[in-house]
Amino acid sequence: MIPAAFDYLAPTSIEEALAALSSDADEVKVLAGGQSLIPVLRLRLAAPTLVVDLGRLPDLAGVRDDGGAILIGAMTTHDELTREPLVSEHATLLAKVAQTVADPQVRHRGTFGGALVHADPAGDFPAAALALDAEMTIVGPSGPRTVPAAEFFTDLFTTAVSEDEILTAVRVPKHTGWGSHYEKFHRSAQMWSIVGVAATVRLDGGTVVEVKVGLTNMASTAIRAAAVEQQLVGQPAAPEVIASAAERAADGTSPPTDVNGDADYRQHLAKVLTRRALITACGC
């Protein structure tokens with residue numbers, strides 16, 4: 001299908017972009033990499049009167065060291081995350097997740113910030129952002145504000161970013177030396193995850209000191225597997241211990257039922273994939 005007619009603006013500054021979002025246009029959509037928005041426009045699931053393209057804002061791309069964290073620009077592509085040394089060293093989980101997204105064409109165009117704001121519960125990055133305790137920098141008419149990942153994803157395809165705001169960067173605390181893995185189940189490489197598990201673990205002498213587990217497509221938003229985390233902390237990183245904790249991966253979840261599987265099926269997958277992700281992350 002052909003999208004409905006719309007006006008197009010490619011601002012060269014954040015101020016110009018924010019002014020466009022606050023204009024009197026009936027509906028405004030922000031275009032980042034376009035890998036989610038363009039299909040929506042073509043299917044006419046959205047018909048904005050104005051599209052604001054962030055592609056000419058170079059300050060929104062790239063990764064830099066920020067002391068105890070790394071700062072990732074919202075317009076940084078998935079492919080850049082797979083190749084950026086700071087990500088590989090301090091947020092290995094993100095690099096591993098990025099490698100699993102769709103195909104090379106999508107990874108070269110899709111952006112980290114765009115995927116987070118799209119907030120598809122089947123998307124890969126929201127679970128990783130939760131597992132890494134990321135913080136989102138959002139800029140609006142009143143200036144910048146910071147929202148932790150735990151409060152960023154508010155509902156199905158909905159985030160804390162208001163209609164007159166832009167996600168500009170993501171601050172990820174350094175997880176240097178942590179083990180990590182992303183395990184997902186999907187019908188083909190280019191399809192959304194039926195279930196995914198993002199896990200990162202810090203060990204000390206074979207004991208789990210810290211562990212964070214994010215779940216993909218197990219609720220209307222990405223969520224943390226808190227029961228698994230609580231059971232594993234202080235325990236030896238042994239397969240049987242991990243398997244026992246993974247049995248709690250579905251606690252408190254409300255996964256959807258659709259053509260790819262019902263809720264019970266997804267809850268079973270969550271347990272299996274959590275066990276696999278944690279065993280790999282722990283190297284046992």
# chains A, B, ... in the order shown; residues from 1 in each chain; ligands from 1

$ closest_atom_pairs --of "region 128-199 of chain A" --to "region 113-123 of chain A" --cutoff "8 Å" --atoms "only C-alpha atoms" --output "JSON lines"
{"residue": "A:Phe153", "atom": "CA", "partner": "A:Ala119", "partner_atom": "CA", "distance": 6.7}
{"residue": "A:Leu156", "atom": "CA", "partner": "A:Pro121", "partner_atom": "CA", "distance": 6.7}
{"residue": "A:Phe157", "atom": "CA", "partner": "A:Ala119", "partner_atom": "CA", "distance": 4.6}
{"residue": "A:Thr158", "atom": "CA", "partner": "A:Ala119", "partner_atom": "CA", "distance": 6.1}
{"residue": "A:Thr159", "atom": "CA", "partner": "A:Val117", "partner_atom": "CA", "distance": 6.3}
{"residue": "A:Val161", "atom": "CA", "partner": "A:Val117", "partner_atom": "CA", "distance": 7.4}
{"residue": "A:Leu167", "atom": "CA", "partner": "A:Gly113", "partner_atom": "CA", "distance": 6.7}
{"residue": "A:Thr168", "atom": "CA", "partner": "A:Gly113", "partner_atom": "CA", "distance": 7.5}
{"residue": "A:Ala169", "atom": "CA", "partner": "A:Gly113", "partner_atom": "CA", "distance": 7.2}
{"residue": "A:Val170", "atom": "CA", "partner": "A:Gly113", "partner_atom": "CA", "distance": 7.7}
{"residue": "A:Trp192", "atom": "CA", "partner": "A:Ala122", "partner_atom": "CA", "distance": 5.8}
{"residue": "A:Ser193", "atom": "CA", "partner": "A:Ala122", "partner_atom": "CA", "distance": 5.5}
{"residue": "A:Ile194", "atom": "CA", "partner": "A:Ala122", "partner_atom": "CA", "distance": 6.9}
{"residue": "A:Val195", "atom": "CA", "partner": "A:Ala122", "partner_atom": "CA", "distance": 7.3}
{"residue": "A:Gly196", "atom": "CA", "partner": "A:Ala122", "partner_atom": "CA", "distance": 8.0}

$ select_by_dssp --residues "region 34-86 of chain A" --states "alpha helix (DSSP H)" --output "PyMOL selection string"
chain A and resi 37-42+78-83+85-86

$ select_by_dssp --residues "region 67-275 of chain A" --states "strand (DSSP E or B)" --output "ChimeraX atom specification"
/A:69-73,77,111,135-140,143-148,153-155,158-159,166-173,179-185,195-204,207-216,223-224,236,258,261

$ closest_residue --among "A:Thr274, A:Gln235, A:Gln35, A:Thr82" --to "Val213 (chain A)" --atoms "only C-alpha atoms"
A:Thr274

$ residues_around --residues "Leu215 (chain A)" --least-positions-apart "6" --cutoff "9 Å" --atoms "only C-alpha atoms" --output "list in words"
Pro126, Ala127, Ala128, Leu130, Ala131, Val195, Gly196, Val197, Ala198, Ala199, Thr221, Ala222, Ile223, Arg224, Ala225, Ala249, Ala270 and Thr274 of chain A

$ atom_distance --atom1 "CA of Cys282 (chain A)" --atom2 "CA of Ser188 (chain A)"
26.9 Å
